[in-house]
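Enquirer: Structure: run36.cif, mmCIF, C-alpha atoms and all ligand atoms.
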```
data_entry
loop_
_atom_site.label_atom_id
_atom_site.label_comp_id
_atom_site.auth_asym_id
_atom_site.auth_seq_id
_atom_site.Cartn_x
_atom_site.Cartn_y
_atom_site.Cartn_z
CA LEU H 1 0.00 0.00 0.00
CA PRO H 2 1.57 3.36 -0.93
CA HIS H 3 1.55 5.81 1.96
CA LEU H 4 -0.65 8.70 0.87
CA ARG H 5 1.08 11.20 3.15
CA GLN H 6 4.18 11.11 0.98
CA TYR H 7 2.39 13.27 -1.60
CA GLU H 8 1.25 15.93 0.83
CA ALA H 9 3.93 18.53 0.21
CA ASP H 10 3.70 18.30 -3.59
CA THR H 11 -0.06 18.37 -3.89
CA ARG H 12 -0.74 20.99 -1.14
CA VAL H 13 -3.94 19.02 -0.42
CA LEU H 14 -4.28 17.50 3.03
CA LEU H 15 -6.17 14.25 3.27
CA GLY H 16 -8.00 14.00 6.56
CA ALA H 17 -9.99 11.51 8.59
CA ALA H 18 -12.51 11.75 11.40
CA LEU H 19 -12.07 9.63 14.47
CA GLU H 20 -12.95 9.07 18.10
CA SER H 21 -10.11 8.87 20.60
CA LYS H 22 -10.90 5.21 21.43
CA HIS H 23 -10.02 4.22 17.85
CA LEU H 24 -6.40 5.17 18.56
CA GLU H 25 -6.17 2.05 20.74
CA ASP H 26 -6.56 -0.03 17.58
CA ALA H 27 -2.97 -0.26 16.33
CA GLN H 28 -3.98 -0.80 12.71
CA PHE H 29 -6.19 2.25 12.86
CA ALA H 30 -3.46 4.41 14.35
CA SER H 31 -0.85 3.33 11.84
CA SER H 32 -3.26 3.88 8.93
CA LEU H 33 -3.69 7.44 10.17
CA GLN H 34 0.06 7.94 10.34
CA GLN H 35 0.57 6.58 6.85
CA HIS H 36 -2.20 8.31 4.97
CA PHE H 37 -3.68 11.31 6.74
CA GLY H 38 -2.31 14.76 7.51
CA GLN H 39 -5.43 16.12 9.16
CA LEU H 40 -7.80 14.78 11.84
CA SER H 41 -11.41 15.71 12.62
CA PHE H 42 -13.27 15.02 15.86
CA GLU H 43 -16.14 12.72 14.93
CA ASN H 44 -18.13 13.24 18.16
CA GLU H 45 -16.03 14.28 21.13
CA LEU H 46 -16.22 18.06 20.65
CA LYS H 47 -19.98 18.11 20.28
CA TRP H 48 -21.82 19.77 23.15
CA GLU H 49 -23.24 16.58 24.70
CA SER H 50 -19.81 15.06 24.84
CA VAL H 51 -17.51 17.95 25.72
CA HIS H 52 -19.98 19.91 27.89
CA PRO H 53 -22.09 17.24 29.66
CA GLU H 54 -23.17 19.49 32.56
CA PRO H 55 -23.57 23.25 32.80
CA ASP H 56 -20.39 23.67 34.83
CA ARG H 57 -18.38 20.71 33.61
CA PHE H 58 -16.35 20.08 30.46
CA ASP H 59 -14.85 16.75 29.48
CA PHE H 60 -11.75 17.24 27.39
CA SER H 61 -10.27 13.79 28.02
CA GLY H 62 -11.06 12.35 24.57
CA PRO H 63 -10.23 15.47 22.54
CA ASP H 64 -6.95 15.89 24.44
CA LYS H 65 -5.82 12.44 23.27
CA ILE H 66 -6.57 13.29 19.66
CA VAL H 67 -4.74 16.62 19.92
CA GLU H 68 -1.73 14.90 21.44
CA PHE H 69 -1.66 12.26 18.68
CA ALA H 70 -1.99 14.89 15.96
CA GLN H 71 0.85 16.96 17.39
CA ALA H 72 3.11 13.93 17.70
CA ASN H 73 2.48 13.18 14.02
CA GLN H 74 2.49 16.71 12.55
CA MET H 75 -1.19 16.61 11.64
CA GLU H 76 -3.59 19.55 11.39
CA LEU H 77 -6.88 19.46 13.31
CA ARG H 78 -10.47 20.41 12.53
CA GLY H 79 -12.73 21.19 15.47
CA HIS H 80 -16.25 19.88 14.94
CA THR H 81 -18.51 21.56 15.94
CA LEU H 82 -19.47 24.60 18.06
CA VAL H 83 -23.13 25.06 17.11
CA TRP H 84 -25.44 22.29 15.92
CA HIS H 85 -29.02 21.19 16.48
CA ILE H 86 -28.29 17.61 17.51
CA GLN H 87 -26.03 15.86 20.02
CA ASN H 88 -26.81 18.61 22.50
CA PRO H 89 -27.02 17.79 26.23
CA GLU H 90 -30.39 17.61 27.98
CA TRP H 91 -29.50 20.48 30.29
CA LEU H 92 -29.09 22.78 27.30
CA LEU H 93 -32.40 21.76 25.77
CA ASP H 94 -34.33 21.82 29.04
CA ALA H 95 -33.23 25.17 30.48
CA GLN H 96 -35.40 28.28 30.20
CA TRP H 97 -33.28 30.58 28.07
CA THR H 98 -33.66 34.18 27.06
CA ARG H 99 -31.83 35.52 24.02
CA ASP H 100 -29.21 37.12 26.26
CA SER H 101 -28.69 34.15 28.56
CA LEU H 102 -28.32 31.72 25.65
CA LEU H 103 -25.89 34.04 23.88
CA LEU H 104 -23.86 34.20 27.07
CA ALA H 105 -23.88 30.40 27.40
CA LEU H 106 -22.79 30.08 23.77
CA GLU H 107 -20.02 32.61 24.26
CA GLN H 108 -18.75 30.85 27.37
CA HIS H 109 -18.88 27.45 25.68
CA ILE H 110 -16.92 28.68 22.67
CA HIS H 111 -14.48 30.56 24.86
CA SER H 112 -13.77 27.38 26.87
CA VAL H 113 -13.57 24.92 24.00
CA VAL H 114 -11.78 27.01 21.36
CA GLY H 115 -9.65 28.67 24.03
CA ARG H 116 -8.39 25.34 25.37
CA TYR H 117 -7.01 24.43 21.95
CA LYS H 118 -5.90 27.88 20.90
CA GLY H 119 -3.05 27.57 18.40
CA LYS H 120 -3.61 23.80 18.19
CA ILE H 121 -6.83 23.43 16.22
CA LYS H 122 -6.38 25.15 12.88
CA TYR H 123 -9.89 24.80 11.42
CA TRP H 124 -13.23 25.07 13.19
CA ASP H 125 -16.67 24.09 11.93
CA VAL H 126 -18.22 26.98 13.84
CA VAL H 127 -21.80 26.40 12.72
CA ASN H 128 -23.04 23.08 11.35
CA GLU H 129 -26.23 22.49 9.32
CA ALA H 130 -28.12 25.75 9.94
CA PHE H 131 -30.33 25.36 6.84
CA ASP H 132 -33.01 22.93 5.74
CA ASP H 133 -33.11 21.39 2.27
CA GLN H 134 -35.19 24.27 0.89
CA GLY H 135 -32.65 26.79 2.12
CA GLY H 136 -34.70 28.11 5.03
CA TYR H 137 -33.26 28.49 8.50
CA ARG H 138 -33.55 25.25 10.38
CA ASP H 139 -35.78 25.57 13.41
CA THR H 140 -33.23 24.91 16.15
CA ILE H 141 -32.91 26.05 19.74
CA TRP H 142 -30.35 28.61 18.51
CA TYR H 143 -32.66 30.01 15.87
CA GLN H 144 -35.74 29.99 18.09
CA VAL H 145 -34.21 31.64 21.13
CA ILE H 146 -31.56 33.91 19.59
CA GLY H 147 -32.67 34.47 16.00
CA PRO H 148 -30.58 34.19 12.82
CA ASP H 149 -27.71 36.27 14.18
CA TYR H 150 -26.65 33.35 16.40
CA ILE H 151 -24.51 32.51 13.39
CA SER H 152 -22.54 35.77 13.22
CA LYS H 153 -22.23 35.79 17.01
CA ALA H 154 -20.76 32.29 17.04
CA PHE H 155 -18.13 33.29 14.48
CA GLN H 156 -17.24 36.39 16.49
CA TYR H 157 -16.90 34.40 19.71
CA ALA H 158 -14.71 31.81 17.99
CA HIS H 159 -12.50 34.49 16.49
CA ALA H 160 -12.12 36.17 19.87
CA ALA H 161 -11.10 32.85 21.44
CA ASP H 162 -8.47 32.09 18.77
CA PRO H 163 -7.78 34.89 16.27
CA GLU H 164 -5.51 32.62 14.18
CA ALA H 165 -8.04 29.81 13.66
CA LEU H 166 -9.72 29.43 10.27
CA LEU H 167 -13.47 29.48 10.72
CA PHE H 168 -15.94 27.53 8.57
CA TYR H 169 -19.64 27.21 7.97
CA ASN H 170 -20.34 23.47 7.35
CA ASP H 171 -23.35 21.69 5.82
CA TYR H 172 -24.50 18.80 3.62
CA SER H 173 -26.24 18.77 0.23
CA THR H 174 -24.24 21.90 -0.51
CA GLU H 175 -21.80 20.32 -2.94
CA GLY H 176 -23.63 21.49 -6.07
CA MET H 177 -26.01 24.35 -6.90
CA SER H 178 -28.79 23.29 -4.51
CA PRO H 179 -31.25 25.59 -2.70
CA LYS H 180 -29.26 24.94 0.44
CA ALA H 181 -25.97 25.85 -1.24
CA ASN H 182 -27.64 29.06 -2.42
CA ALA H 183 -28.64 29.82 1.17
CA VAL H 184 -25.07 29.26 2.33
CA TYR H 185 -23.83 31.53 -0.45
CA ARG H 186 -26.24 34.29 0.64
CA LEU H 187 -25.27 33.82 4.28
CA VAL H 188 -21.53 34.09 3.70
CA ASN H 189 -22.03 37.16 1.53
CA GLU H 190 -23.90 38.79 4.41
CA LEU H 191 -21.26 37.75 6.93
CA LEU H 192 -18.47 39.10 4.74
CA ASP H 193 -20.35 42.37 4.21
CA GLN H 194 -20.74 42.71 7.97
CA GLY H 195 -17.05 42.04 8.53
CA VAL H 196 -17.73 38.80 10.40
CA PRO H 197 -14.63 36.58 10.53
CA ILE H 198 -15.36 33.61 8.23
CA HIS H 199 -12.67 31.95 6.15
CA GLY H 200 -14.30 29.05 4.42
CA VAL H 201 -17.19 26.77 3.67
CA GLY H 202 -17.20 23.06 4.37
CA THR H 203 -19.36 20.68 2.42
CA GLN H 204 -19.80 17.32 4.10
CA ALA H 205 -19.95 15.17 0.95
CA HIS H 206 -21.79 12.14 2.33
CA PHE H 207 -22.66 10.48 -0.95
CA ASP H 208 -24.76 7.54 -2.05
CA GLY H 209 -22.62 5.51 -4.43
CA ARG H 210 -25.53 4.74 -6.75
CA TYR H 211 -25.57 8.28 -8.08
CA PRO H 212 -22.72 9.84 -10.03
CA LEU H 213 -21.54 13.31 -9.01
CA SER H 214 -22.97 16.29 -10.85
CA ARG H 215 -19.64 17.76 -11.78
CA GLY H 216 -20.83 20.88 -13.60
CA PRO H 217 -22.93 22.29 -10.74
CA MET H 218 -20.21 21.38 -8.26
CA ALA H 219 -17.61 23.29 -10.24
CA LYS H 220 -19.91 26.30 -10.45
CA ASN H 221 -20.55 26.21 -6.72
CA ILE H 222 -16.87 25.88 -5.79
CA GLU H 223 -16.01 28.73 -8.15
CA ARG H 224 -18.53 31.16 -6.67
CA PHE H 225 -17.10 30.66 -3.18
CA ARG H 226 -13.61 31.01 -4.64
CA GLU H 227 -14.59 34.36 -6.08
CA LEU H 228 -15.51 35.51 -2.58
CA GLY H 229 -12.00 34.60 -1.46
CA LEU H 230 -13.25 31.66 0.57
CA THR H 231 -11.68 28.27 1.05
CA PHE H 232 -13.82 25.24 0.21
CA HIS H 233 -13.27 21.98 2.10
CA PHE H 234 -14.70 18.51 1.68
CA THR H 235 -15.18 17.80 5.36
CA GLU H 236 -16.94 14.44 5.85
CA VAL H 237 -16.51 12.41 2.70
CA ASP H 238 -17.93 8.93 2.48
CA VAL H 239 -19.68 7.04 -0.32
CA ARG H 240 -22.13 4.45 0.92
CA ILE H 241 -22.97 1.20 -0.86
CA ALA H 242 -25.94 -1.12 -0.45
CA ASP H 243 -25.04 -4.35 1.36
CA SER H 244 -26.69 -6.26 -1.50
CA ALA H 245 -24.55 -4.61 -4.21
CA GLY H 246 -21.80 -6.62 -5.90
CA VAL H 247 -18.14 -5.72 -6.29
CA SER H 248 -18.78 -3.46 -9.30
CA ALA H 249 -20.27 -0.98 -6.83
CA LEU H 250 -16.77 -0.54 -5.44
CA ASP H 251 -15.59 0.72 -8.83
CA LYS H 252 -18.43 3.22 -9.03
CA GLN H 253 -17.52 4.33 -5.53
CA ALA H 254 -13.91 4.74 -6.62
CA GLU H 255 -15.01 7.04 -9.44
CA ILE H 256 -16.69 9.37 -6.97
CA TYR H 257 -13.64 9.48 -4.72
CA GLN H 258 -11.50 10.09 -7.79
CA GLU H 259 -13.66 13.00 -8.93
CA LEU H 260 -13.49 14.57 -5.49
CA ILE H 261 -9.71 14.40 -5.30
CA GLU H 262 -9.57 15.80 -8.84
CA PHE H 263 -11.64 18.78 -7.72
CA ALA H 264 -9.36 19.28 -4.73
CA LEU H 265 -6.23 19.15 -6.87
CA HIS H 266 -7.71 21.43 -9.51
CA TYR H 267 -9.00 24.31 -7.38
CA ASP H 268 -6.54 26.39 -5.38
CA ASN H 269 -9.23 27.18 -2.80
CA ILE H 270 -9.57 23.48 -1.85
CA ASP H 271 -6.73 22.29 0.33
CA VAL H 272 -8.42 19.75 2.59
CA MET H 273 -10.38 16.59 1.79
CA THR H 274 -11.47 14.78 4.94
CA MET H 275 -13.01 11.33 5.03
CA TRP H 276 -15.59 10.56 7.73
CA GLY H 277 -13.49 7.69 8.98
CA VAL H 278 -10.57 5.55 7.89
CA SER H 279 -11.74 2.01 7.36
CA ASP H 280 -15.08 0.26 6.99
CA LYS H 281 -14.40 -1.27 10.40
CA TYR H 282 -15.60 1.95 12.04
CA SER H 283 -18.16 4.06 10.21
CA TRP H 284 -21.42 5.74 11.13
CA ILE H 285 -23.10 4.54 7.92
CA PRO H 286 -24.37 1.04 8.86
CA SER H 287 -26.15 2.35 11.96
CA TRP H 288 -27.59 5.48 10.29
CA PHE H 289 -28.42 4.14 6.81
CA LYS H 290 -29.97 0.68 7.16
CA GLY H 291 -28.64 -1.82 4.65
CA GLN H 292 -25.75 0.37 3.53
CA GLY H 293 -22.06 0.49 4.39
CA ARG H 294 -18.56 0.03 2.92
CA ALA H 295 -18.34 3.80 2.56
CA LEU H 296 -14.63 4.46 3.20
CA ILE H 297 -11.37 3.91 1.29
CA LEU H 298 -9.94 1.05 3.38
CA ASP H 299 -11.86 -2.14 4.02
CA GLU H 300 -12.57 -3.68 7.44
CA ASN H 301 -9.09 -5.18 7.48
CA PHE H 302 -7.44 -1.90 6.55
CA GLN H 303 -6.70 -3.19 3.04
CA SER H 304 -7.00 -0.87 0.07
CA LYS H 305 -10.20 -0.64 -1.94
CA PRO H 306 -10.54 0.66 -5.51
CA ALA H 307 -11.33 4.08 -3.97
CA PHE H 308 -7.98 4.12 -2.21
CA ASP H 309 -6.15 3.18 -5.41
CA ALA H 310 -8.03 5.83 -7.38
CA ILE H 311 -6.92 8.54 -4.94
CA ALA H 312 -3.35 7.27 -4.87
CA GLU H 313 -3.19 7.42 -8.67
CA GLN H 314 -4.27 11.05 -8.75
CA LEU H 315 -1.77 12.25 -6.15
C1 LIG M 401 -22.17 11.51 13.16
C2 LIG M 401 -21.19 10.55 13.81
O1 LIG M 401 -20.38 9.98 12.81
C3 LIG M 401 -21.94 9.47 14.56
O2 LIG M 401 -21.04 8.65 15.28
C4 LIG M 401 -22.94 10.09 15.52
O3 LIG M 401 -23.71 9.09 16.12
C5 LIG M 401 -23.85 11.06 14.78
O4 LIG M 401 -23.06 12.03 14.11
N1 LIG M 401 -23.01 15.25 9.80
C6 LIG M 401 -22.15 15.73 10.76
C7 LIG M 401 -21.48 14.78 11.69
O5 LIG M 401 -21.86 16.94 10.77
O6 LIG M 401 -21.28 15.35 12.95
C8 LIG M 401 -22.24 13.48 11.82
O7 LIG M 401 -21.45 12.59 12.59
C9 LIG M 401 -22.56 12.92 10.45
C10 LIG M 401 -23.41 13.87 9.66
#
```
Take the structure in the file and write it out as structure tokens.
Expert:
Amino acid sequence: LPHLRQYEADTRVLLGAALESKHLEDAQFASSLQQHFGQLSFENELKWESVHPEPDRFDFSGPDKIVEFAQANQMELRGHTLVWHIQNPEWLLDAQWTRDSLLLALEQHIHSVVGRYKGKIKYWDVVNEAFDDQGGYRDTIWYQVIGPDYISKAFQYAHAADPEALLFYNDYSTEGMSPKANAVYRLVNELLDQGVPIHGVGTQAHFDGRYPLSRGPMAKNIERFRELGLTFHFTEVDVRIADSAGVSALDKQAEIYQELIEFALHYDNIDVMTMWGVSDKYSWIPSWFKGQGRALILDENFQSKPAFDAIAEQL
């Protein structure tokens, strides 16, 4: 298996992977990270319910392990995520908030979490999934209690906590020219006009391997963010396959991975492509999409799949 990290300096594109700290105890998992990935994302352990389980208590034990591993291996980090509508703790959902008290809680949360890793976490998904599929604001606790400016506030708090960090808005179904991508485009234009610190847009890129990518609309979308001076990252790539599908599905999957890495290599505003896991041994897909799996580039035994080979060939 060629080690994908060897191409990092020449291609200027970092390949990343999401993980939980417990996966580092699996030696094959850890060495796959060292061989192939220059960037790590926190799959769950920086979400509110995990890092902030009680109003006055934070749990940084898992994230600290990931930070330590990344530093030991010269890897960049992506913090995921500071504002989302799910994986929030009960205490947050149950409390009686006013606009001001929830803004204060948000500010304190961001100050604590971003501040702890100041200078260590380079990229932050500040706000995740704020829009619905039609491009309207999703009806979350943040939107209901604070209003739409919870988004600009969150970016300002994150910037105050670490002025060097690169701050992203992150969402799914925003790869091409969808209503949701249009909403994100409008939002970032507003934020830029208001002088809010935002540096990039992340698109999750959770794909279903049955459908080929719509390359034209994707190119158009990437280019319009590029024209705003914004970085575009693929932040959670996986390509799921039906359990019943034969091996030819793996070749179709490889084509999608290949097209994504081609986009990353082609556009100078894409410098990170992060997979939502490393091997099919650990992936959120089988439990969230019944009857589907095999979504990543290494199989359950950490052996290469056609998708891995397709990426290696492009680098
Ligand atoms: C997923 C994790 O992978 C699962 O382990 C967890 O149970 C649910 O969340 N979009 C996101 C990620 O932004 O945070 C989600 O991660 C996948 C979809």
Enquirer: Might I get the box with edges along x, y and z of the file that holds all atoms of ligand LIG 401 (chain M) listed there, padded by 8 Å on every side, given as centre and edge lengths in Å to one decimal, as AutoDock Vina command-line options?
Expert:
```
--center_x -22.1 --center_y 12.8 --center_z 12.9 --size_x 19.5 --size_y 24.3 --size_z 22.5
```
Enquirer: Interatomic distance between atom CA of H:Ser50 and atom CA of H:Asp125?
Expert: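 Pair atom CA of H:Ser50 / atom CA of H:Asp125 returns 16.1 Å.
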Enquirer: Give the residue list for ligand LIG 401 (chain M) at 8 Å, counting only C-alpha atoms and all ligand atoms, as a list in words, sorted by chain and then by residue number.
Expert: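 Based on only C-alpha atoms and all ligand atoms, ligand LIG 401 (chain M) is surrounded within 8 Å by Glu43, Asn44, Lys47, His80, Thr81, Gln87, Asn128, Glu129, Asn170, Asp171, Tyr172, Gln204, His206, Glu236, Trp276, Ser283, Trp284, Ile285 and Trp288 of chain H.
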Enquirer: Please report, as a tab-separated table, each residue of stretch 32-102 of chain H lying at most 12 Å from stretch 301-309 of chain H, together with the nearest pair of atoms and the separation in Å rounded to one decimal; use all atoms listed in the file, and order rows by chain and ascending residue number.
Expert:
```
residue	atom	partner	partner_atom	distance
H:Ser32	CA	H:Phe302	CA	7.5
H:Leu33	CA	H:Phe302	CA	10.7
H:Gln35	CA	H:Phe302	CA	11.7
H:His36	CA	H:Phe308	CA	10.1
```
Enquirer: Distance atom CA of H:Tyr157-atom CA of H:Glu107, one decimal place?
Expert: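 Atom-to-atom, atom CA of H:Tyr157 to atom CA of H:Glu107, that is 5.8 Å.
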Enquirer: Near H:Thr274, counting all atoms listed in the file, which residues have an atom at most 8 Å away, once you skip same-chain residues fewer than 2 positions from it, shown as number ranges by chain?
Expert: H: 14-18, 39-41, 233-237, 272, 276
Enquirer: In terms of the shortest atom-to-atom distance over all atoms listed in the file, which of H:Leu166, H:Ala160, H:Val51, H:Leu46 is closest to H:Glu76?
Expert: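 With all atoms listed in the file as the atom set, the closest residue is H:Leu166.
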Enquirer: Please indicate the distance in Å from atom CA of H:Phe225 to atom CA of H:Asp162, rounded to one decimal place.
Expert: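 Value for the atom CA of H:Phe225-atom CA of H:Asp162 distance: 23.6 Å.
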Enquirer: For H:Gln144, which residue out of H:His111, H:Arg57, H:Lys281, H:Arg99 is the nearest one, using all atoms listed in the file?
Expert: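 Of H:His111, H:Arg57, H:Lys281, H:Arg99, the one nearest H:Gln144, counting all atoms listed in the file, is H:Arg99.
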Enquirer: Which residue is closest to H:Gln28? Choose from H:Asp251, H:Asp299, H:Asp243, H:Glu54 and count only C-alpha atoms.
Expert: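 The answer is H:Asp299, which sits nearest to H:Gln28.
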